[in-house]
Every structure is written in C-alpha cells, then in structure tokens.
>>> print(open('data.txt').read())   # compact mmCIF, C-alpha atoms and all ligand atoms
# COMPACT_ATOMS: atom_id res chain seq x y z
CA MET N 783 -25.22 -154.45 32.27
CA LYS N 784 -25.15 -150.70 31.73
CA LYS N 785 -27.26 -150.02 34.82
CA LEU N 786 -25.10 -149.51 37.90
CA PHE N 787 -25.63 -151.93 40.78
CA PRO N 788 -27.88 -154.39 38.92
CA THR N 789 -29.57 -156.59 41.51
CA SER N 790 -29.74 -160.37 41.44
CA THR N 791 -30.13 -163.33 43.78
CA ALA N 792 -27.62 -166.04 44.60
CA GLY N 793 -30.09 -168.67 43.43
CA SER N 794 -33.07 -170.43 44.91
CA LEU N 795 -36.34 -168.82 45.97
CA PRO N 796 -39.19 -170.38 47.97
CA LYS N 797 -41.54 -172.73 46.13
CA PRO N 798 -45.35 -172.37 46.29
CA LEU N 799 -46.96 -174.67 48.86
CA TRP N 800 -48.86 -176.62 46.22
CA LEU N 801 -45.56 -177.69 44.64
CA ALA N 802 -43.39 -178.58 47.65
CA GLU N 803 -43.51 -178.37 51.44
CA PRO N 804 -42.90 -174.71 52.33
CA GLU N 805 -39.92 -173.53 54.39
CA THR N 806 -38.25 -176.90 53.92
CA LEU N 807 -34.98 -177.36 52.13
CA TRP N 808 -34.87 -180.13 49.49
CA SER N 809 -38.56 -180.86 50.05
CA PRO N 810 -40.07 -183.65 47.90
CA TRP N 811 -42.57 -182.72 45.18
CA LYS N 812 -46.27 -182.70 46.02
CA LEU N 813 -47.33 -183.37 42.41
CA GLU N 814 -46.66 -186.19 39.97
CA GLY N 815 -46.49 -186.80 36.23
CA GLN N 816 -47.84 -184.08 33.93
CA ALA N 817 -49.22 -182.15 36.92
CA LEU N 818 -45.66 -181.88 38.25
CA VAL N 819 -44.30 -180.73 34.87
CA ASP N 820 -47.03 -178.07 34.64
CA GLY N 821 -46.68 -177.15 38.30
CA LYS N 822 -42.93 -176.48 37.97
CA ARG N 823 -43.57 -174.21 34.97
CA ASP N 824 -46.26 -172.29 36.84
CA ALA N 825 -43.93 -171.92 39.83
CA LEU N 826 -41.21 -170.63 37.54
CA ARG N 827 -43.63 -168.04 36.10
CA ILE N 828 -44.58 -166.87 39.59
CA SER N 829 -40.99 -166.77 40.81
CA LEU N 830 -39.94 -164.71 37.80
CA GLN N 831 -42.85 -162.32 38.30
CA GLU N 832 -41.95 -161.84 41.96
CA GLN N 833 -38.36 -161.04 41.05
CA LEU N 834 -39.45 -158.54 38.41
CA THR N 835 -42.02 -156.78 40.58
CA SER N 836 -39.50 -156.65 43.45
CA GLY N 837 -37.02 -154.81 41.24
CA ILE N 838 -34.51 -157.60 40.57
CA ASP N 839 -32.58 -156.86 37.37
CA ILE N 840 -30.78 -160.14 36.64
CA VAL N 841 -33.44 -162.80 37.03
CA SER N 842 -33.44 -166.58 37.37
CA ASP N 843 -35.83 -169.51 37.53
CA GLY N 844 -35.66 -169.29 41.32
CA GLU N 845 -34.62 -172.96 41.06
CA GLN N 846 -38.32 -173.89 40.98
CA THR N 847 -37.71 -176.94 38.78
CA ARG N 848 -35.15 -178.66 40.97
CA GLN N 849 -35.34 -180.35 44.32
CA HIS N 850 -31.66 -180.06 45.24
CA PHE N 851 -28.98 -177.79 43.82
CA VAL N 852 -26.57 -180.69 43.27
CA THR N 853 -28.43 -183.99 43.11
CA THR N 854 -30.99 -182.87 40.52
CA PHE N 855 -28.08 -182.42 38.10
CA ILE N 856 -26.41 -185.67 39.13
CA GLU N 857 -29.68 -187.58 38.52
CA HIS N 858 -29.20 -186.92 34.80
CA LEU N 859 -25.75 -188.53 34.64
CA SER N 860 -24.88 -192.14 33.90
CA GLY N 861 -22.55 -193.99 36.27
CA VAL N 862 -24.36 -192.83 39.41
CA ASP N 863 -26.31 -195.21 41.62
CA PHE N 864 -29.29 -193.60 43.35
CA GLU N 865 -30.66 -196.92 44.66
CA ASN N 866 -27.91 -197.72 47.13
CA LYS N 867 -27.28 -194.53 49.01
CA LYS N 868 -24.59 -194.22 51.63
CA THR N 869 -24.17 -191.77 54.46
CA VAL N 870 -21.20 -189.43 54.04
CA ARG N 871 -20.05 -186.28 55.76
CA ILE N 872 -20.86 -183.22 53.61
CA ARG N 873 -18.30 -180.42 53.67
CA ASP N 874 -16.93 -181.87 56.93
CA ARG N 875 -20.10 -180.61 58.56
CA TYR N 876 -23.17 -182.84 58.45
CA ASP N 877 -24.11 -186.38 57.44
CA ALA N 878 -26.33 -186.98 54.44
CA SER N 879 -27.52 -190.01 52.55
CA VAL N 880 -26.08 -189.62 49.06
CA PRO N 881 -25.85 -191.51 45.76
CA GLY N 882 -22.61 -193.14 44.62
CA VAL N 883 -20.41 -193.19 41.54
CA ILE N 884 -20.20 -196.80 40.33
CA GLY N 885 -19.06 -196.32 36.71
CA PRO N 886 -17.89 -193.69 34.19
CA VAL N 887 -20.00 -190.54 34.61
CA SER N 888 -21.39 -188.79 31.57
CA ARG N 889 -24.32 -186.57 30.78
CA GLN N 890 -27.04 -188.58 29.04
CA LYS N 891 -29.41 -185.72 28.28
CA SER N 892 -29.81 -182.04 29.00
CA VAL N 893 -30.90 -181.21 32.53
CA PHE N 894 -32.20 -177.63 32.64
CA VAL N 895 -32.06 -176.56 29.00
CA GLU N 896 -35.82 -176.79 28.35
CA ASP N 897 -36.51 -174.81 31.53
CA ALA N 898 -34.00 -172.17 30.47
CA LYS N 899 -35.60 -171.89 27.02
CA PHE N 900 -38.97 -171.44 28.70
CA LEU N 901 -37.62 -168.75 31.05
CA ARG N 902 -36.10 -166.98 28.02
CA THR N 903 -39.55 -166.74 26.41
CA GLN N 904 -40.94 -165.09 29.57
CA THR N 905 -38.58 -162.13 29.97
CA ASP N 906 -36.16 -159.83 28.19
CA GLN N 907 -34.15 -159.20 31.38
CA PRO N 908 -30.69 -160.81 31.66
CA ILE N 909 -30.97 -164.39 32.91
CA LYS N 910 -28.59 -166.11 35.30
CA TRP N 911 -28.66 -169.88 35.57
CA ALA N 912 -27.08 -171.84 38.43
CA LEU N 913 -25.32 -175.18 38.10
CA PRO N 914 -23.44 -177.02 40.83
CA GLY N 915 -19.66 -176.63 40.75
CA PRO N 916 -17.45 -179.69 40.19
CA MET N 917 -15.89 -179.71 43.67
CA THR N 918 -19.23 -179.37 45.44
CA MET N 919 -20.58 -182.23 43.29
CA VAL N 920 -17.65 -184.45 44.30
CA ASP N 921 -18.43 -183.64 47.91
CA THR N 922 -22.12 -184.58 47.57
CA LEU N 923 -21.73 -188.28 46.74
CA TYR N 924 -19.50 -191.23 47.46
CA ASP N 925 -17.15 -192.54 44.80
CA ASP N 926 -16.49 -196.27 44.43
CA TYR N 927 -15.23 -195.93 40.85
CA TYR N 928 -12.61 -193.20 40.28
CA GLN N 929 -11.60 -193.02 43.93
CA ASP N 930 -9.85 -189.75 43.27
CA ARG N 931 -11.55 -186.41 43.91
CA LYS N 932 -9.69 -184.47 41.23
CA THR N 933 -10.32 -187.05 38.49
CA LEU N 934 -14.01 -187.19 39.35
CA ALA N 935 -14.21 -183.38 39.44
CA PHE N 936 -12.87 -183.16 35.88
CA GLU N 937 -15.37 -185.76 34.68
CA PHE N 938 -18.16 -183.70 36.25
CA ALA N 939 -16.66 -180.55 34.71
CA LYS N 940 -16.96 -182.13 31.26
CA ALA N 941 -20.65 -182.91 31.84
CA LEU N 942 -21.24 -179.41 33.23
CA ASN N 943 -19.57 -177.87 30.20
CA GLU N 944 -21.94 -179.70 27.84
CA GLU N 945 -24.91 -178.42 29.82
CA ALA N 946 -23.49 -174.89 30.06
CA ARG N 947 -22.97 -174.64 26.30
CA GLU N 948 -26.61 -175.61 25.71
CA LEU N 949 -27.80 -173.15 28.36
CA GLN N 950 -25.84 -170.43 26.61
CA ALA N 951 -27.45 -171.39 23.28
CA ALA N 952 -30.85 -171.22 25.01
CA GLY N 953 -30.19 -167.55 25.76
CA VAL N 954 -28.79 -167.63 29.28
CA ASN N 955 -26.59 -164.55 29.90
CA ILE N 956 -24.73 -165.64 33.03
CA ILE N 957 -23.93 -169.21 34.01
CA GLN N 958 -23.19 -169.55 37.69
CA PHE N 959 -21.46 -172.46 39.37
CA ASP N 960 -22.29 -173.00 43.04
CA GLU N 961 -19.15 -173.90 44.96
CA PRO N 962 -19.83 -173.70 48.72
CA ALA N 963 -17.11 -176.39 48.99
CA PHE N 964 -14.63 -173.64 48.04
CA ASN N 965 -14.97 -172.29 51.59
CA VAL N 966 -14.05 -175.66 53.12
CA PHE N 967 -11.36 -177.44 51.10
CA LEU N 968 -9.09 -174.44 50.69
CA ASP N 969 -5.97 -176.34 49.59
CA GLU N 970 -7.89 -178.35 47.01
CA VAL N 971 -9.43 -175.16 45.59
CA ASN N 972 -5.98 -173.90 44.71
CA ASP N 973 -4.66 -177.35 43.69
CA TRP N 974 -7.42 -178.31 41.25
CA GLY N 975 -10.78 -176.70 42.18
CA ILE N 976 -10.40 -173.58 40.09
CA GLU N 977 -8.89 -175.56 37.23
CA ALA N 978 -11.92 -177.90 37.25
CA LEU N 979 -14.21 -174.88 37.27
CA GLU N 980 -12.43 -173.42 34.25
CA ARG N 981 -12.83 -176.76 32.48
CA ALA N 982 -16.59 -176.46 33.10
CA THR N 983 -16.63 -173.01 31.46
CA GLU N 984 -14.41 -173.89 28.48
CA GLY N 985 -15.55 -172.29 25.22
CA LEU N 986 -18.34 -170.22 26.79
CA THR N 987 -18.82 -166.69 25.51
CA CYS N 988 -21.56 -165.72 27.96
CA GLU N 989 -20.54 -164.47 31.40
CA THR N 990 -19.54 -166.98 34.05
CA ALA N 991 -19.92 -166.73 37.81
CA VAL N 992 -18.89 -168.70 40.85
CA HIS N 993 -20.99 -168.55 44.01
CA ILE N 994 -19.02 -169.18 47.20
CA CYS N 995 -20.93 -168.91 50.44
CA TYR N 996 -21.16 -170.25 53.96
CA GLY N 997 -24.27 -172.23 53.10
CA TYR N 998 -28.02 -172.13 53.53
CA GLY N 999 -29.41 -170.99 56.85
CA ILE N 1000 -29.77 -174.54 58.18
CA LYS N 1001 -28.64 -175.51 61.69
CA ALA N 1002 -25.57 -177.51 60.58
CA ASN N 1003 -24.30 -174.42 58.81
CA THR N 1004 -25.11 -171.86 61.51
CA ASP N 1005 -23.47 -174.16 64.10
CA TRP N 1006 -20.40 -174.48 61.88
CA LYS N 1007 -20.19 -170.69 61.50
CA LYS N 1008 -19.99 -170.35 65.29
CA THR N 1009 -16.71 -172.30 65.20
CA LEU N 1010 -15.06 -170.08 62.60
CA GLY N 1011 -13.81 -167.37 64.93
CA ALA N 1012 -14.08 -163.60 64.92
CA GLU N 1013 -13.04 -163.10 61.29
CA TRP N 1014 -13.77 -165.42 58.39
CA ARG N 1015 -10.71 -165.33 56.18
CA HIS N 1016 -11.44 -168.29 53.85
CA TYR N 1017 -11.90 -166.04 50.84
CA GLU N 1018 -8.46 -164.61 51.40
CA THR N 1019 -6.89 -168.00 50.62
CA THR N 1020 -8.78 -168.66 47.41
CA PHE N 1021 -9.48 -165.23 45.87
CA PRO N 1022 -5.93 -164.59 44.57
CA ALA N 1023 -6.19 -167.65 42.28
CA ILE N 1024 -9.81 -166.89 41.39
CA GLN N 1025 -8.75 -163.37 40.44
CA LYS N 1026 -6.29 -164.86 37.94
CA SER N 1027 -8.88 -167.28 36.55
CA SER N 1028 -11.15 -166.73 33.54
CA ILE N 1029 -14.32 -166.61 35.70
CA ASN N 1030 -16.03 -163.21 35.25
CA ILE N 1031 -18.13 -162.84 38.39
CA VAL N 1032 -17.72 -163.90 42.02
CA SER N 1033 -20.81 -164.17 44.23
CA LEU N 1034 -20.08 -164.04 47.93
CA GLU N 1035 -21.58 -163.70 51.37
CA CYS N 1036 -21.02 -160.24 52.88
CA HIS N 1037 -23.95 -159.36 55.16
CA ASN N 1038 -24.33 -160.33 58.83
CA GLY N 1039 -21.34 -162.63 58.69
CA ARG N 1040 -17.77 -162.09 59.77
CA VAL N 1041 -16.24 -161.71 56.34
CA PRO N 1042 -13.90 -158.71 56.35
CA MET N 1043 -15.00 -156.61 53.37
CA GLU N 1044 -11.38 -155.89 52.44
CA VAL N 1045 -11.23 -159.37 50.80
CA LEU N 1046 -13.03 -157.75 47.85
CA SER N 1047 -9.80 -155.96 46.96
CA LEU N 1048 -8.33 -159.39 46.09
CA LEU N 1049 -10.78 -159.64 43.18
CA LYS N 1050 -9.55 -156.70 41.13
CA GLY N 1051 -11.11 -156.69 37.67
CA LYS N 1052 -13.86 -159.16 38.57
CA LYS N 1053 -17.51 -158.32 38.91
CA ILE N 1054 -18.67 -159.05 42.43
CA MET N 1055 -22.12 -160.18 43.51
CA VAL N 1056 -22.14 -158.70 46.99
CA GLY N 1057 -24.38 -160.63 49.37
CA ALA N 1058 -26.32 -157.89 51.14
CA ILE N 1059 -29.23 -160.03 52.32
CA ASP N 1060 -28.92 -162.58 55.14
CA VAL N 1061 -30.68 -165.82 54.19
CA ALA N 1062 -30.29 -167.36 57.65
CA SER N 1063 -32.60 -164.87 59.37
CA ASP N 1064 -36.27 -163.94 59.03
CA THR N 1065 -35.48 -160.34 59.92
CA ILE N 1066 -36.06 -158.18 56.85
CA GLU N 1067 -33.11 -155.93 56.11
CA THR N 1068 -33.95 -152.26 55.75
CA PRO N 1069 -32.96 -150.58 52.47
CA GLU N 1070 -30.53 -148.49 54.52
CA GLU N 1071 -28.82 -151.65 55.86
CA VAL N 1072 -28.44 -152.93 52.31
CA ALA N 1073 -27.03 -149.56 51.27
CA ALA N 1074 -24.56 -149.67 54.17
CA THR N 1075 -23.21 -153.06 53.00
CA LEU N 1076 -22.86 -151.72 49.45
CA ARG N 1077 -21.13 -148.56 50.68
CA GLU N 1078 -18.64 -150.75 52.53
CA ALA N 1079 -18.08 -152.82 49.36
CA LEU N 1080 -17.46 -149.62 47.42
CA LYS N 1081 -14.36 -149.00 49.52
CA TYR N 1082 -12.73 -152.05 47.96
CA ALA N 1083 -14.34 -152.44 44.51
CA ASP N 1084 -15.33 -150.13 41.67
CA ALA N 1085 -18.98 -149.09 41.37
CA ASP N 1086 -19.37 -150.69 37.93
CA LYS N 1087 -18.24 -154.05 39.32
CA ILE N 1088 -20.71 -154.34 42.21
CA TYR N 1089 -23.86 -156.43 41.77
CA PRO N 1090 -26.08 -156.35 44.89
CA SER N 1091 -27.29 -159.85 45.69
CA THR N 1092 -28.28 -162.27 48.47
CA ASN N 1093 -25.79 -164.20 50.62
CA CYS N 1094 -27.13 -167.52 49.34
CA GLY N 1095 -30.40 -169.08 48.17
CA MET N 1096 -33.68 -168.23 49.91
CA ALA N 1097 -35.51 -171.56 49.37
CA PRO N 1098 -35.98 -172.27 53.11
CA LEU N 1099 -37.60 -168.89 53.85
CA SER N 1100 -41.31 -168.11 53.70
CA ARG N 1101 -42.43 -166.55 50.42
CA GLU N 1102 -43.52 -163.34 52.12
CA ILE N 1103 -40.17 -162.86 53.86
CA ALA N 1104 -38.23 -163.69 50.69
CA ARG N 1105 -40.31 -161.18 48.73
CA GLN N 1106 -39.71 -158.42 51.28
CA LYS N 1107 -35.98 -159.17 51.31
CA LEU N 1108 -35.87 -158.84 47.51
CA GLN N 1109 -37.66 -155.51 47.74
CA ALA N 1110 -35.20 -154.30 50.39
CA LEU N 1111 -32.30 -155.34 48.16
CA ALA N 1112 -33.66 -153.36 45.22
CA ALA N 1113 -34.43 -150.32 47.39
CA GLY N 1114 -30.96 -150.41 48.96
CA ALA N 1115 -29.30 -150.53 45.54
CA GLU N 1116 -31.42 -147.54 44.47
CA ILE N 1117 -30.20 -145.52 47.48
CA ILE N 1118 -26.59 -146.06 46.36
CA ARG N 1119 -27.36 -145.27 42.71
CA LYS N 1120 -28.88 -141.94 43.80
CA GLU N 1121 -25.93 -141.18 46.09
CA LEU N 1122 -23.46 -141.69 43.27
CA ALA N 1123 -25.55 -139.62 40.86
CA ASP N 1124 -25.60 -136.59 43.20
ZN ZN M 1201 -24.86 -170.38 48.75
>>> encode(input="data.txt", output="structure tokens")
Amino acid sequence: MKKLFPTSTAGSLPKPLWLAEPETLWSPWKLEGQALVDGKRDALRISLQEQLTSGIDIVSDGEQTRQHFVTTFIEHLSGVDFENKKTVRIRDRYDASVPGVIGPVSRQKSVFVEDAKFLRTQTDQPIKWALPGPMTMVDTLYDDYYQDRKTLAFEFAKALNEEARELQAAGVNIIQFDEPAFNVFLDEVNDWGIEALERATEGLTCETAVHICYGYGIKANTDWKKTLGAEWRHYETTFPAIQKSSINIVSLECHNGRVPMEVLSLLKGKKIMVGAIDVASDTIETPEEVAATLREALKYADADKIYPSTNCGMAPLSREIARQKLQALAAGAEIIRKELAD
C-alpha cells in the first residue's frame, strides 16, 4: 500500500448475536440451512462495514463464516475423522477434543473461496484472508495415520496451497497463515515449520503473511503467559529464519505483553503487522497508547514497513468494545502519520 501505516486486524471479529453466542470463542451457529448461509453473508457485510467505518485500511471477512480458525478448514479435507474425537493437549497448554487423521489428507473442495469472492464484490480496499498454518493444524488434531508431524504438515501445506491459489484468483491481496504454534515449538519451527509454510505459499504472487501470537485472550493462554517470565524472547529464536524466508509480512503481538520491541530488528526487509491492540482486555486503548507502541516499533523498523494491527483476533470481545478498539487503532496510526509529515 502507498499509504503509510495502513491499519488491519490480525483476524477474527465478534459475530452478531443472532448468528452465534456472543463473547464466546468457537461458539456453535444459531441458524441452520439456508438461513445460516444467508446469516453468515449478512454478518460478513456488517463486519466489513464496521472495519471500513472504523478506519481499517486492509479489511477482512472478520472470520464471520467460520466457527474455528483451524477446524473449519480441516472439515473440508478427506482423511479426517470428526466422529471419533480424542482429547489432546493443544500447544502444550490446554486439553481439547479434536478430530483425527485416519487416512491420506487432501482438499476435496474449496473452503473459503466463495466467501472471498463475495467479499471482493463488497469493497475495493485491499483484502487479507486468514488460513491456518500447517504446524498449528498438526497441533489441533491427533494423527493415527502419518504418525509424523513434519509429514502431516507438508500434506496440509499442499491442501493450503490449493486453497491459497484460488483465494488469490478470487482477488485476495494478502493471504495470512495463522501460526500461534510458532511461539511454542521453537525447534520445530526452524527444523520444518517455516519450510512447510513456504510450501503452502508456493507459486503465489499476492502478498503472504504469517501471524504469530500468544493466543486469544482465553484463560489457558493468559495463565500460560504468566509462566513465561519477564521478557518473552520466543520471536528471537524464530525470526532469523523467517527473515530469510519468502514470506512478505509478519504479524505479531506487541502491546501489553512482554515482547521486547527490539525483536523487530530481526525482520529486516519484511513488512510487520505490529499488534498495538490488546485482545485479552476490555480496556479500550487510547489513540495515544497506540501511537506510543508504533513509535517504539519505529525505532527498529522502517516507517514504510509498519502495519498497525491487533495482537490477535477479537472474536471473544463484545462488538462495542471491538469497534472502539478498531477506532483507537486507526486514530493512533493517524497520529503517527501526522508526526512523520511534520
Ligand atoms: Zn493470534
């Protein structure tokens, strides 16, 4: 984008209460059949409108058409058994009942392509679309078939690549892969995680992004964060290899956490989506607080590489709080634009 400090979100936004239980992560749908299809479209329209009126430059579907950022994609693959779920430990942090891989995985049909085409008809702004990353997918189910995390990750990467190419053809400008697992399995990230991610982006000419955060503001995550010590240095381990990769944009958590901002200097040449909004708190950031985070980022990254964003998705927040946080993000970015123009 030509505009300096174009604003965006990391991904999800709250759903309307007629579509899913509010302020609840991964809430089941309240509608069925055609009413659900229509309801998701209407929610997408509203979510887009709220982003635009709040001053968000790079818009998304707000993830209104999916229940879960990983399993909704996995539901469209063959070789996965959703009937016999098992409880596994997710990211070494919390137990969840998840589907299992019982045969070769492959993408049977497109997952989000029709939604992306619809979003494209609704706006001329740049569109970012989020997909799960291969490592995070591996970590969100059990595997009775390949029994090897790397092998399974590359199979998922193939399926993701097929989807990504169709999203690009549908007019998506940035395809983002969500890899919260990159902040947990640090050795694996460097061994095969980034390679699997690059496999997922093979042949794409649109921009590519990876979102690496410390998770949604749910209790399991906030409890985990308390154990991480005074400084969170996970990014330091993985950014050198990400910097060398073909991924264009890195989305990370920077506000209210304990990430030392100097890690940004490890991403030289990359665009950086700087998380300047805390998604684990109902307190609305002031524009000045957002500006302060961006000013700090400017010490370690060039102005034309900084994209103000949220730490993570805002699905669990109330709609009113999410809206005010988006407005604060846009206002904070505007403060910095004016400062640099003076
Ligand atoms: Zn996140």
>>> closest_atom_pairs(input="data.txt", of="chain N", to="ligand ZN 1201 (chain M)", cutoff="9 Å", atoms="all atoms listed in the file", output="Markdown table")
| residue | atom | partner | partner_atom | distance |
| --- | --- | --- | --- | --- |
| N:Ala792 | CA | M:ZN1201 | ZN | 6.6 |
| N:Gly793 | CA | M:ZN1201 | ZN | 7.7 |
| N:Asp960 | CA | M:ZN1201 | ZN | 6.8 |
| N:Glu961 | CA | M:ZN1201 | ZN | 7.7 |
| N:Pro962 | CA | M:ZN1201 | ZN | 6.0 |
| N:His993 | CA | M:ZN1201 | ZN | 6.4 |
| N:Ile994 | CA | M:ZN1201 | ZN | 6.2 |
| N:Cys995 | CA | M:ZN1201 | ZN | 4.5 |
| N:Tyr996 | CA | M:ZN1201 | ZN | 6.4 |
| N:Gly997 | CA | M:ZN1201 | ZN | 4.8 |
| N:Tyr998 | CA | M:ZN1201 | ZN | 6.0 |
| N:Ser1033 | CA | M:ZN1201 | ZN | 8.7 |
| N:Leu1034 | CA | M:ZN1201 | ZN | 8.0 |
| N:Glu1035 | CA | M:ZN1201 | ZN | 7.9 |
| N:Thr1092 | CA | M:ZN1201 | ZN | 8.8 |
| N:Asn1093 | CA | M:ZN1201 | ZN | 6.5 |
| N:Cys1094 | CA | M:ZN1201 | ZN | 3.7 |
| N:Gly1095 | CA | M:ZN1201 | ZN | 5.7 |
>>> residues_around(input="data.txt", residues="N:Arg981", least_positions_apart="2", cutoff="10 Å", atoms="only C-alpha atoms", output="PyMOL selection string")
chain N and resi 916+935-943+975-979+983-985
>>> closest_atom_pairs(input="data.txt", of="stretch 1054-1093 of chain N", to="stretch 1000-1009 of chain N", cutoff="12 Å", atoms="only C-alpha atoms", output="CSV")
residue,atom,partner,partner_atom,distance
N:Asp1060,CA,N:Thr1004,CA,11.9
N:Val1061,CA,N:Ile1000,CA,9.6
N:Ala1062,CA,N:Ile1000,CA,7.2
N:Ser1063,CA,N:Ile1000,CA,10.1
>>> residues_around(input="data.txt", residues="N:Asp973", least_positions_apart="5", cutoff="12 Å", atoms="all atoms listed in the file", output="NGL selection string")
:N and (917 or 931-932 or 964 or 967-968 or 978-979 or 1019-1020 or 1023-1024)
>>> write_last_selection(input="data.txt", atoms="C-alpha atoms", output="PDB file, keeping the file's coordinate frame")
ATOM      1  CA  MET N 917     -15.890-179.710  43.670  1.00  0.00           C
ATOM      2  CA  ARG N 931     -11.550-186.410  43.910  1.00  0.00           C
ATOM      3  CA  LYS N 932      -9.690-184.470  41.230  1.00  0.00           C
ATOM      4  CA  PHE N 964     -14.630-173.640  48.040  1.00  0.00           C
ATOM      5  CA  PHE N 967     -11.360-177.440  51.100  1.00  0.00           C
ATOM      6  CA  LEU N 968      -9.090-174.440  50.690  1.00  0.00           C
ATOM      7  CA  ALA N 978     -11.920-177.900  37.250  1.00  0.00           C
ATOM      8  CA  LEU N 979     -14.210-174.880  37.270  1.00  0.00           C
ATOM      9  CA  THR N1019      -6.890-168.000  50.620  1.00  0.00           C
ATOM     10  CA  THR N1020      -8.780-168.660  47.410  1.00  0.00           C
ATOM     11  CA  ALA N1023      -6.190-167.650  42.280  1.00  0.00           C
ATOM     12  CA  ILE N1024      -9.810-166.890  41.390  1.00  0.00           C
TER      13      ILE N1024
END
>>> closest_residue(input="data.txt", among="N:Lys812, N:Arg1015, N:Lys910, N:Lys1081", to="N:Thr791", atoms="only C-alpha atoms")
N:Lys910
>>> residues_around(input="data.txt", residues="N:Gly882", least_positions_apart="6", cutoff="7 Å", atoms="all atoms listed in the file", output="number ranges by chain")
N: 862-864, 867, 923-926
>>> write_last_selection(input="data.txt", atoms="C-alpha atoms", output="PDB file, in the frame of the given file")
ATOM      1  CA  VAL N 862     -24.360-192.830  39.410  1.00  0.00           C
ATOM      2  CA  ASP N 863     -26.310-195.210  41.620  1.00  0.00           C
ATOM      3  CA  PHE N 864     -29.290-193.600  43.350  1.00  0.00           C
ATOM      4  CA  LYS N 867     -27.280-194.530  49.010  1.00  0.00           C
ATOM      5  CA  LEU N 923     -21.730-188.280  46.740  1.00  0.00           C
ATOM      6  CA  TYR N 924     -19.500-191.230  47.460  1.00  0.00           C
ATOM      7  CA  ASP N 925     -17.150-192.540  44.800  1.00  0.00           C
ATOM      8  CA  ASP N 926     -16.490-196.270  44.430  1.00  0.00           C
TER       9      ASP N 926
END
>>> atom_distance(input="data.txt", atom1="atom CA of N:Asp969", atom2="atom CA of N:Ser794")
28.1 Å
>>> closest_residue(input="data.txt", among="N:Gln1109, N:Ser790, N:Asn1038, N:Thr905", to="N:Gln831", atoms="only C-alpha atoms")
N:Thr905
>>> axis_aligned_box(input="data.txt", around="stretch 894-901 of chain N", padding_each_side="4 Å", output="lines of an AutoDock Vina configuration file")
center_x = -35.5
center_y = -173.2
center_z = 29.8
size_x = 14.9
size_y = 16.9
size_z = 13.6
>>> closest_residue(input="data.txt", among="N:Glu945, N:Asp930, N:Asp906, N:Glu989", to="N:Val893", atoms="only C-alpha atoms")
N:Glu945
>>> residues_near_point(input="data.txt", point="(-19.7, -159.4, 42.0)", cutoff="7 Å", atoms="all atoms listed in the file", output="ChimeraX atom specification")
/N:1031-1033,1052-1056,1087-1089
>>> atom_distance(input="data.txt", atom1="atom CA of N:Leu830", atom2="atom CA of N:Gln904")
8.3 Å
>>> closest_residue(input="data.txt", among="N:Val920, N:Ile909, N:Ile856, N:Ala878", to="N:Glu970", atoms="all atoms listed in the file")
N:Val920
>>> atom_distance(input="data.txt", atom1="atom CA of N:Ala825", atom2="atom CA of N:Arg1105")
14.4 Å
>>> residues_around(input="data.txt", residues="N:Arg848", least_positions_apart="4", cutoff="9 Å", atoms="only C-alpha atoms", output="PDB file with C-alpha atoms, keeping the file's coordinate frame")
ATOM      1  CA  TRP N 808     -34.870-180.130  49.490  1.00  0.00           C
ATOM      2  CA  LYS N 822     -42.930-176.480  37.970  1.00  0.00           C
ATOM      3  CA  THR N 853     -28.430-183.990  43.110  1.00  0.00           C
ATOM      4  CA  THR N 854     -30.990-182.870  40.520  1.00  0.00           C
ATOM      5  CA  PHE N 855     -28.080-182.420  38.100  1.00  0.00           C
ATOM      6  CA  PHE N 894     -32.200-177.630  32.640  1.00  0.00           C
TER       7      PHE N 894
END
>>> closest_residue(input="data.txt", among="N:Glu1044, N:Glu948, N:Asp824, N:Glu1067", to="N:Lys891", atoms="all atoms listed in the file")
N:Glu948
>>> closest_residue(input="data.txt", among="N:Leu799, N:Leu913, N:Ile884, N:Val819", to="N:Val852", atoms="only C-alpha atoms")
N:Leu913
>>> residues_near_point(input="data.txt", point="(-47.7, -177.4, 46.2)", cutoff="12 Å", atoms="all atoms listed in the file", output="VMD selection string")
chain N and resid 796 to 805 809 to 814 817 to 818 820 to 822 824 to 825 846
